[in-house]
Amino acid sequence: MQAEVLIAYVSRSGSTEDVAEAMGVAMEDAGVKVDVKPMANVESIADETPVVIGTALYVGHFPEEFHRFVTRFKRELGNVRPWIFVLGPTENEPKHFATAEEQARKELTKFPWLNAADVRVMGGSFDPRHLKLPFPLNLAMKLPGNPMRKVPVSDIRDWDFIRKWATGIAEHVKRGTPVQRGEFAEYSAYKNSLLGH
């Protein structure tokens with residue numbers, strides 16, 4: 001019997017949550033059962049469950065919820081090849097994607113047991129009015145001199161790419177075959193897979 005896919009995400013402003021939900025819809029449309037939930041709400045992961053992990057870069061780092069999740073489920077995640085998406089740049093500039101890739105790569109090296117099937121650094125969105133930052137960062141955002149307050153509102157999430165990538169994952173899950181290196185390269189708009197670097 002085909003296993004239900006878990007899409008676990010951490011989202012501070014709702015942007016990553018939107019992507020996770022859109023992926024869930026695309027995968028269900030492709031005939032795969034999906035459970036989409038915040039990382040903090042994941043109580044257990046059944047063995048051999050296909051997993052998609054979603055997060056964003058915050059000042060070049062993954063949030064603590066990501067660290068806690070992958071550490072808590074080290075055994076389960078170490079036995080599968082999860083797909084990982086990372087929301088990063090909010091401006092559609094190649095140099096920003098290159099920087100975000102490098103930051104994501106450094107973060108992922110902290111978890112050598114995460115033998116990802118594929119990692120995608122995607123364009124994100126930014127709206128300081130919707131940020132839910134932990135203390136004391138939430139106070140710092142209110143300071144008039146904080147440069148983050150001057151960053152313009154933007155949204156460069158590529159919904160067509162997101163749906164195509166999710167559908168590709170669903171097709172793989174239905175086949176039940178091992179992921180091959182570079183298998184998902186055709187879905188990369190920016191050639192930003194971290195596989196094979």
# chains A, B, ... in the order shown; residues from 1 in each chain; ligands from 1
call {"tool": "residues_around", "arguments": {"residues": "stretch 92-105 of chain A", "least_positions_apart": "5", "cutoff": "7 Å", "atoms": "only C-alpha atoms", "output": "list of chain:residue names"}}
result
A:Gly60, A:His61, A:Val121, A:Ile156
call {"tool": "residues_around", "arguments": {"residues": "A:Thr16", "least_positions_apart": "5", "cutoff": "9 Å", "atoms": "only C-alpha atoms", "output": "PyMOL selection string"}}
result
chain A and resi 9-11+21+54-56+86-87+124-125
call {"tool": "residues_around", "arguments": {"residues": "A:Val34", "least_positions_apart": "6", "cutoff": "12 Å", "atoms": "only C-alpha atoms", "output": "PyMOL selection string"}}
result
chain A and resi 2-8+20-28+49-52+166+169-170+173
call {"tool": "residues_around", "arguments": {"residues": "stretch 46-48 of chain A", "least_positions_apart": "5", "cutoff": "9 Å", "atoms": "only C-alpha atoms", "output": "ChimeraX atom specification"}}
result
/A:3,76-77,79-80
call {"tool": "atom_distance", "arguments": {"atom1": "atom CA of A:Glu171", "atom2": "atom CA of A:Lys33"}}
result
11.9 Å
call {"tool": "select_by_dssp", "arguments": {"residues": "stretch 37-80 of chain A", "states": "helix (DSSP H, G or I)", "output": "list in words"}}
result
Met39, Ala40, Asn41, Glu64, Glu65, Phe66, His67, Arg68, Phe69, Val70, Thr71, Arg72, Lys74, Arg75, Glu76, Leu77 and Gly78 of chain A
call {"tool": "select_by_dssp", "arguments": {"residues": "stretch 44-103 of chain A", "states": "strand (DSSP E or B)", "output": "PyMOL selection string"}}
result
chain A and resi 51-56+58+61+83-87
call {"tool": "write_last_selection", "arguments": {"atoms": "N, CA and C atoms", "output": "PDB file, in the first residue's frame"}}
result
ATOM      1  N   VAL A  51       8.896  11.902   3.154  1.00  0.00           N
ATOM      2  CA  VAL A  51       8.844  13.166   3.885  1.00  0.00           C
ATOM      3  C   VAL A  51       9.341  14.312   3.013  1.00  0.00           C
ATOM      4  N   VAL A  52       8.594  15.410   3.041  1.00  0.00           N
ATOM      5  CA  VAL A  52       9.027  16.676   2.436  1.00  0.00           C
ATOM      6  C   VAL A  52       9.177  17.665   3.580  1.00  0.00           C
ATOM      7  N   ILE A  53      10.316  18.342   3.642  1.00  0.00           N
ATOM      8  CA  ILE A  53      10.593  19.293   4.713  1.00  0.00           C
ATOM      9  C   ILE A  53      10.676  20.696   4.118  1.00  0.00           C
ATOM     10  N   GLY A  54       9.951  21.635   4.715  1.00  0.00           N
ATOM     11  CA  GLY A  54       9.963  23.001   4.222  1.00  0.00           C
ATOM     12  C   GLY A  54      10.372  23.995   5.285  1.00  0.00           C
ATOM     13  N   THR A  55      11.254  24.895   4.921  1.00  0.00           N
ATOM     14  CA  THR A  55      11.700  25.929   5.849  1.00  0.00           C
ATOM     15  C   THR A  55      12.109  27.166   5.047  1.00  0.00           C
ATOM     16  N   ALA A  56      12.521  28.179   5.742  1.00  0.00           N
ATOM     17  CA  ALA A  56      13.042  29.380   5.102  1.00  0.00           C
ATOM     18  C   ALA A  56      14.346  29.757   5.781  1.00  0.00           C
ATOM     19  N   TYR A  58      16.403  32.530   7.633  1.00  0.00           N
ATOM     20  CA  TYR A  58      16.212  33.765   8.395  1.00  0.00           C
ATOM     21  C   TYR A  58      17.592  34.274   8.779  1.00  0.00           C
ATOM     22  N   HIS A  61      20.156  31.550   8.281  1.00  0.00           N
ATOM     23  CA  HIS A  61      20.086  30.327   9.080  1.00  0.00           C
ATOM     24  C   HIS A  61      18.678  29.750   9.062  1.00  0.00           C
ATOM     25  N   TRP A  83      12.720  15.083   0.746  1.00  0.00           N
ATOM     26  CA  TRP A  83      12.845  16.226  -0.149  1.00  0.00           C
ATOM     27  C   TRP A  83      12.815  17.481   0.719  1.00  0.00           C
ATOM     28  N   ILE A  84      13.640  18.443   0.397  1.00  0.00           N
ATOM     29  CA  ILE A  84      13.740  19.647   1.221  1.00  0.00           C
ATOM     30  C   ILE A  84      13.591  20.876   0.330  1.00  0.00           C
ATOM     31  N   PHE A  85      12.701  21.783   0.740  1.00  0.00           N
ATOM     32  CA  PHE A  85      12.637  23.069   0.041  1.00  0.00           C
ATOM     33  C   PHE A  85      12.919  24.190   1.029  1.00  0.00           C
ATOM     34  N   VAL A  86      13.634  25.179   0.530  1.00  0.00           N
ATOM     35  CA  VAL A  86      14.085  26.303   1.346  1.00  0.00           C
ATOM     36  C   VAL A  86      13.688  27.596   0.651  1.00  0.00           C
ATOM     37  N   LEU A  87      12.880  28.408   1.301  1.00  0.00           N
ATOM     38  CA  LEU A  87      12.560  29.721   0.751  1.00  0.00           C
ATOM     39  C   LEU A  87      13.674  30.681   1.148  1.00  0.00           C
TER      40      LEU A  87
END
call {"tool": "closest_residue", "arguments": {"among": "A:Thr109, A:Ala117, A:Ser15, A:Lys37", "to": "A:His172", "atoms": "only C-alpha atoms"}}
result
A:Ala117
